[in-house]
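Enquirer: Mind having a look at this structure? Questions to follow.
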Amino acid sequence: MRKPRVRRQRKSVLLTAGMTVMALYALLPLFWLIVNSSKTEGAVFSTFGLWFGGRFALWDNIRQVLTYQHGIFLRWLGNTLLYVAAGAGGATVLATLGGYGLARYDFPGKKAVFGVVLAAIAIPGTALAVPSFLLFSSLHLTNTPWAVIIPSLVSPFGLYLIWAYAGEAVPAELLEAARIDGASEFGIFWRISLRMLGPGVATVLLFTTVATWNNYFLPLIMLSQPRWYPLTVGLNDWNFQSITAGGQAVYNLVITGSLLTVIPIMVAFLFLQRYWRSGLAAGSVKQ
């Protein structure tokens, strides 16, 4: 009996060591951002990158980020919030409606729709960026928020996730009982099904929010006016300005702006985490 116990202890030690390495790998970039956001422009490259050095300038850097170029960072933040609210929120609503309908209603061509959804998941978004640009250019929608919002409304993975989740979380017997009681299809969805889909909807909202918040390539090719940039493209514009000959070096603002950019998405993740975890727990129990 001693050998299995020793093996379990070794396995536990290896798992702990592996998780520690993964945690350090995930947290090291955030630590680097925090450390270098506290440095002045001159100290960013003249001191050791993984530890504090020089004058503590975090608050001064934050002030400069919010006021540099007439406070355009706040404009980029507002644009990003708009794209997330309209794009990610709309994608979650459409994925919830479509996924629930595909899971709980039978209609001709349902298998074909399933194949189309799987194919859409397999196609990377970058492969559709240029065709999307040509389409929106012909519609004269480039350099407008619609060029970013409308493509963000499509979430094949979110649709598939709700489809799979609704098939297990919403019992068909409960829906049939509601129909017998005279409830309308919309009433069944709004009062019964939507509450059961809560963890799945929160998970889709989390994924679409992160994807829209971090979206870079699509707004890069769709937008050429800085006033419509999201934070990702705007900070890259500052970084390009720093490396361009004759441009003003603002690496400390790029780093501090990046730190300010990740804070809202971290808060959103922590807020939605309990719903996501409850959804994972619910999926481990048979109905």
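By convention in this document, the chains of the structure tokens carry letters A, B, ... by their order, each chain's residues are numbered from 1, and ligands are numbered from 1 in the order they are shown.
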Wanna dump the range 150-263 of chain A-range 99-118 of chain A contacts at 9 Å for me, each residue with its shortest atom pair and the distance in Å to one decimal, counting only C-alpha atoms, ordered by chain and number, as a tab-separated table?

Expert:
```
residue	atom	partner	partner_atom	distance
A:Pro156	CA	A:Val117	CA	5.8
A:Phe157	CA	A:Val117	CA	7.9
A:Gly158	CA	A:Gly99	CA	8.2
A:Leu159	CA	A:Gly99	CA	5.0
A:Tyr160	CA	A:Gly99	CA	6.4
A:Leu161	CA	A:Gly99	CA	7.5
A:Ile162	CA	A:Gly99	CA	4.8
A:Trp163	CA	A:Gly99	CA	4.0
A:Ala164	CA	A:Ala103	CA	7.1
A:Tyr165	CA	A:Ala103	CA	8.5
A:Ala166	CA	A:Tyr100	CA	5.9
A:Gly167	CA	A:Ala103	CA	5.3
A:Val170	CA	A:Arg104	CA	8.5
A:Ala172	CA	A:Arg104	CA	7.5
A:Phe189	CA	A:Tyr100	CA	8.6
A:Ser193	CA	A:Tyr100	CA	8.5
A:Leu197	CA	A:Tyr100	CA	8.8
```

Enquirer: What does the file look like for those residues with all heavy atoms, as a compact mmCIF listing (two decimals), in the first residue's frame?

Expert:
```
# COMPACT_ATOMS: atom_id res chain seq x y z
N PRO A 156 -19.89 32.40 -34.29
CA PRO A 156 -20.22 31.00 -34.50
C PRO A 156 -19.96 30.12 -33.28
O PRO A 156 -20.75 29.22 -32.97
CB PRO A 156 -19.33 30.59 -35.68
CG PRO A 156 -19.00 31.87 -36.37
CD PRO A 156 -18.93 32.90 -35.28
N PHE A 157 -18.86 30.39 -32.58
CA PHE A 157 -18.56 29.60 -31.39
C PHE A 157 -19.60 29.83 -30.30
O PHE A 157 -20.02 28.89 -29.63
CB PHE A 157 -17.16 29.94 -30.86
CG PHE A 157 -16.81 29.21 -29.60
CD1 PHE A 157 -16.50 27.87 -29.64
CD2 PHE A 157 -16.80 29.87 -28.38
CE1 PHE A 157 -16.18 27.18 -28.47
CE2 PHE A 157 -16.49 29.19 -27.21
CZ PHE A 157 -16.18 27.84 -27.26
N GLY A 158 -20.02 31.09 -30.12
CA GLY A 158 -21.07 31.37 -29.14
C GLY A 158 -22.38 30.69 -29.50
O GLY A 158 -23.08 30.17 -28.62
N LEU A 159 -22.72 30.69 -30.78
CA LEU A 159 -23.93 30.01 -31.24
C LEU A 159 -23.86 28.52 -30.94
O LEU A 159 -24.82 27.93 -30.42
CB LEU A 159 -24.12 30.25 -32.73
CG LEU A 159 -25.30 29.52 -33.41
CD1 LEU A 159 -26.62 30.00 -32.83
CD2 LEU A 159 -25.25 29.73 -34.91
N TYR A 160 -22.73 27.91 -31.25
CA TYR A 160 -22.57 26.48 -31.00
C TYR A 160 -22.61 26.18 -29.50
O TYR A 160 -23.18 25.17 -29.07
CB TYR A 160 -21.26 25.99 -31.61
CG TYR A 160 -20.98 24.54 -31.32
CD1 TYR A 160 -21.65 23.53 -32.02
CD2 TYR A 160 -20.05 24.18 -30.37
CE1 TYR A 160 -21.40 22.19 -31.75
CE2 TYR A 160 -19.79 22.84 -30.09
CZ TYR A 160 -20.47 21.85 -30.79
OH TYR A 160 -20.21 20.54 -30.52
N LEU A 161 -21.99 27.04 -28.70
CA LEU A 161 -21.96 26.82 -27.26
C LEU A 161 -23.36 26.86 -26.66
O LEU A 161 -23.73 25.99 -25.85
CB LEU A 161 -21.07 27.87 -26.59
CG LEU A 161 -20.78 27.69 -25.09
CD1 LEU A 161 -20.06 26.37 -24.86
CD2 LEU A 161 -19.96 28.85 -24.56
N ILE A 162 -24.16 27.85 -27.05
CA ILE A 162 -25.54 27.92 -26.56
C ILE A 162 -26.35 26.74 -27.09
O ILE A 162 -27.20 26.18 -26.37
CB ILE A 162 -26.19 29.26 -26.97
CG1 ILE A 162 -25.50 30.42 -26.25
CG2 ILE A 162 -27.68 29.26 -26.64
CD1 ILE A 162 -25.70 30.43 -24.74
N TRP A 163 -26.12 26.37 -28.33
CA TRP A 163 -26.80 25.22 -28.92
C TRP A 163 -26.56 23.97 -28.07
O TRP A 163 -27.50 23.25 -27.69
CB TRP A 163 -26.29 25.03 -30.33
CG TRP A 163 -26.99 23.98 -31.15
CD1 TRP A 163 -27.90 23.06 -30.72
CD2 TRP A 163 -26.84 23.76 -32.55
NE1 TRP A 163 -28.31 22.28 -31.75
CE2 TRP A 163 -27.68 22.68 -32.89
CE3 TRP A 163 -26.07 24.36 -33.54
CZ2 TRP A 163 -27.78 22.19 -34.18
CZ3 TRP A 163 -26.16 23.88 -34.83
CH2 TRP A 163 -27.00 22.81 -35.16
N ALA A 164 -25.30 23.70 -27.76
CA ALA A 164 -24.96 22.51 -26.97
C ALA A 164 -25.47 22.63 -25.54
O ALA A 164 -25.98 21.65 -24.97
CB ALA A 164 -23.45 22.30 -26.99
N TYR A 165 -25.37 23.82 -24.97
CA TYR A 165 -25.78 24.00 -23.57
C TYR A 165 -27.30 23.90 -23.41
O TYR A 165 -27.80 23.30 -22.46
CB TYR A 165 -25.28 25.35 -23.06
CG TYR A 165 -25.49 25.54 -21.57
CD1 TYR A 165 -24.58 25.01 -20.66
CD2 TYR A 165 -26.58 26.25 -21.08
CE1 TYR A 165 -24.77 25.17 -19.30
CE2 TYR A 165 -26.77 26.42 -19.73
CZ TYR A 165 -25.87 25.88 -18.84
OH TYR A 165 -26.06 26.04 -17.49
N ALA A 166 -28.03 24.51 -24.35
CA ALA A 166 -29.49 24.48 -24.26
C ALA A 166 -30.03 23.07 -24.42
O ALA A 166 -31.06 22.72 -23.82
CB ALA A 166 -30.10 25.38 -25.34
N GLY A 167 -29.34 22.24 -25.19
CA GLY A 167 -29.79 20.87 -25.37
C GLY A 167 -29.75 20.07 -24.08
O GLY A 167 -30.49 19.09 -23.93
N VAL A 170 -31.97 22.73 -20.72
CA VAL A 170 -33.41 23.01 -20.81
C VAL A 170 -34.14 21.72 -21.14
O VAL A 170 -34.10 21.27 -22.30
CB VAL A 170 -33.70 24.08 -21.89
CG1 VAL A 170 -35.18 24.41 -21.91
CG2 VAL A 170 -32.87 25.34 -21.63
N ALA A 172 -36.81 19.11 -22.35
CA ALA A 172 -37.91 19.19 -23.30
C ALA A 172 -39.25 18.96 -22.61
O ALA A 172 -40.28 19.53 -23.01
CB ALA A 172 -37.71 18.15 -24.40
N PHE A 189 -39.61 31.01 -23.55
CA PHE A 189 -38.20 31.37 -23.64
C PHE A 189 -37.82 32.41 -22.59
O PHE A 189 -36.80 32.28 -21.91
CB PHE A 189 -37.88 31.90 -25.04
CG PHE A 189 -36.50 32.48 -25.17
CD1 PHE A 189 -35.40 31.66 -25.26
CD2 PHE A 189 -36.31 33.86 -25.19
CE1 PHE A 189 -34.12 32.19 -25.37
CE2 PHE A 189 -35.04 34.39 -25.30
CZ PHE A 189 -33.95 33.56 -25.39
N SER A 193 -36.80 29.32 -20.09
CA SER A 193 -35.55 28.85 -20.71
C SER A 193 -34.39 29.80 -20.45
O SER A 193 -33.26 29.36 -20.18
CB SER A 193 -35.76 28.68 -22.22
OG SER A 193 -36.79 27.77 -22.49
N LEU A 197 -30.59 29.11 -19.05
CA LEU A 197 -29.45 29.36 -19.93
C LEU A 197 -28.48 30.38 -19.37
O LEU A 197 -27.48 30.71 -20.02
CB LEU A 197 -29.94 29.85 -21.30
CG LEU A 197 -30.72 28.85 -22.15
CD1 LEU A 197 -31.26 29.54 -23.41
CD2 LEU A 197 -29.86 27.67 -22.53
```

Enquirer: Excluding range 136-150 of chain A and residues on its chain fewer than 5 positions from it, collect all residues at most 10 Å away from it, counting only C-alpha atoms, and give them as a PyMOL selection string.

Expert: chain A and resi 79+82-88+90-91+130-131+212+215+218-230

Enquirer: Write to file, as a tab-separated table (two decimals), in the first residue's frame, the residues of the selection just made, with N, CA and C atoms.

Expert:
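After the write, selection.tsv holds the following:
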```tsv
chain	number	residue	atom	x	y	z
A	79	ASN	N	-14.68	54.41	-27.45
A	79	ASN	CA	-14.93	53.61	-28.66
A	79	ASN	C	-14.93	52.12	-28.35
A	82	LEU	N	-18.04	51.12	-26.65
A	82	LEU	CA	-19.13	51.09	-27.62
A	82	LEU	C	-19.09	49.80	-28.44
A	83	TYR	N	-17.91	49.42	-28.92
A	83	TYR	CA	-17.79	48.21	-29.71
A	83	TYR	C	-18.12	46.97	-28.88
A	84	VAL	N	-17.75	46.98	-27.61
A	84	VAL	CA	-18.06	45.84	-26.75
A	84	VAL	C	-19.54	45.77	-26.45
A	85	ALA	N	-20.14	46.92	-26.10
A	85	ALA	CA	-21.56	46.92	-25.75
A	85	ALA	C	-22.43	46.52	-26.94
A	86	ALA	N	-22.14	47.10	-28.10
A	86	ALA	CA	-22.96	46.81	-29.28
A	86	ALA	C	-22.56	45.49	-29.93
A	87	GLY	N	-21.25	45.26	-30.09
A	87	GLY	CA	-20.79	44.06	-30.78
A	87	GLY	C	-20.91	42.81	-29.93
A	88	ALA	N	-20.27	42.81	-28.76
A	88	ALA	CA	-20.31	41.62	-27.90
A	88	ALA	C	-21.70	41.39	-27.34
A	90	GLY	N	-24.58	42.37	-28.70
A	90	GLY	CA	-25.43	41.90	-29.80
A	90	GLY	C	-25.11	40.47	-30.20
A	91	ALA	N	-23.82	40.11	-30.21
A	91	ALA	CA	-23.44	38.74	-30.55
A	91	ALA	C	-23.98	37.75	-29.53
A	130	VAL	N	-10.05	40.80	-45.06
A	130	VAL	CA	-9.96	41.52	-46.34
A	130	VAL	C	-11.27	41.49	-47.12
A	131	PRO	N	-11.95	40.33	-47.27
A	131	PRO	CA	-13.27	40.36	-47.91
A	131	PRO	C	-14.26	41.26	-47.20
A	212	THR	N	-13.89	41.00	-28.51
A	212	THR	CA	-14.11	42.34	-29.04
A	212	THR	C	-13.15	43.35	-28.41
A	215	ASN	N	-9.82	42.88	-29.99
A	215	ASN	CA	-9.82	42.87	-31.45
A	215	ASN	C	-8.86	43.94	-31.98
A	218	LEU	N	-9.16	43.60	-37.30
A	218	LEU	CA	-10.34	44.11	-37.99
A	218	LEU	C	-10.41	45.64	-37.94
A	219	PRO	N	-10.35	46.28	-36.75
A	219	PRO	CA	-10.38	47.76	-36.76
A	219	PRO	C	-9.15	48.38	-37.42
A	220	LEU	N	-8.04	47.64	-37.44
A	220	LEU	CA	-6.83	48.18	-38.09
A	220	LEU	C	-7.06	48.40	-39.57
A	221	ILE	N	-7.74	47.45	-40.23
A	221	ILE	CA	-7.94	47.59	-41.67
A	221	ILE	C	-9.21	48.37	-41.99
A	222	MET	N	-10.15	48.43	-41.05
A	222	MET	CA	-11.41	49.13	-41.32
A	222	MET	C	-11.34	50.63	-41.03
A	223	LEU	N	-10.48	51.03	-40.11
A	223	LEU	CA	-10.46	52.41	-39.64
A	223	LEU	C	-9.13	53.06	-39.98
A	224	SER	N	-9.19	54.28	-40.43
A	224	SER	CA	-7.97	55.06	-40.68
A	224	SER	C	-7.99	56.39	-39.95
A	225	GLN	N	-9.08	56.72	-39.30
A	225	GLN	CA	-9.19	57.95	-38.53
A	225	GLN	C	-9.01	57.65	-37.04
A	226	PRO	N	-8.02	58.26	-36.39
A	226	PRO	CA	-7.75	57.96	-34.98
A	226	PRO	C	-8.95	58.17	-34.05
A	227	ARG	N	-9.89	59.03	-34.43
A	227	ARG	CA	-11.01	59.30	-33.52
A	227	ARG	C	-11.94	58.10	-33.38
A	228	TRP	N	-11.83	57.09	-34.28
A	228	TRP	CA	-12.65	55.89	-34.18
A	228	TRP	C	-11.85	54.67	-33.73
A	229	TYR	N	-10.56	54.86	-33.42
A	229	TYR	CA	-9.73	53.73	-33.01
A	229	TYR	C	-10.23	53.14	-31.69
A	230	PRO	N	-10.14	51.82	-31.53
A	230	PRO	CA	-10.24	51.24	-30.19
A	230	PRO	C	-8.90	51.34	-29.49
```

Enquirer: Pick the closest to Ala95 in chain A from A:Trp213, A:Phe207, A:Trp238, A:Tyr251: which is it, counting only C-alpha atoms?

Expert: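 Of A:Trp213, A:Phe207, A:Trp238, A:Tyr251, the one nearest Ala95 in chain A is A:Phe207, counting only C-alpha atoms.
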
Enquirer: Determine the nearest neighbour of Thr96 in chain A from the options A:Trp190, A:Phe271, A:Phe56, A:Phe217, counting only C-alpha atoms.

Expert: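 The shortest atom-to-atom distance to Thr96 in chain A comes from A:Trp190.
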
Enquirer: Please provide as number ranges by chain all residues within 8 Å of Ser38 in chain A, with the sequence filter that same-chain residues fewer than 4 positions apart are discarded (counting only C-alpha atoms).

Expert: A: 34, 52, 55-59, 61

Enquirer: Check the smallest atom-to-atom distance from each of A:Trp51, A:Phe31, A:Phe269, A:Tyr216 to Thr203 in chain A using only C-alpha atoms, then report the winner.

Expert: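 Closest residue, counting only C-alpha atoms: A:Phe269.
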
Enquirer: As an MDAnalysis selection string, please: every residue in range 7-180 of chain A that a backbone DSSP assignment puts in helix (DSSP H, G or I).

Expert: chainID A and resid 7:37 43:46 58:104 110:122 125:138 146:152 156:169 172:180

Enquirer: So the first atom is CA of Tyr68 in chain A and the second is CA of Leu81 in chain A; what is the distance between them in Å, to one decimal place?

Expert: 19.8 Å
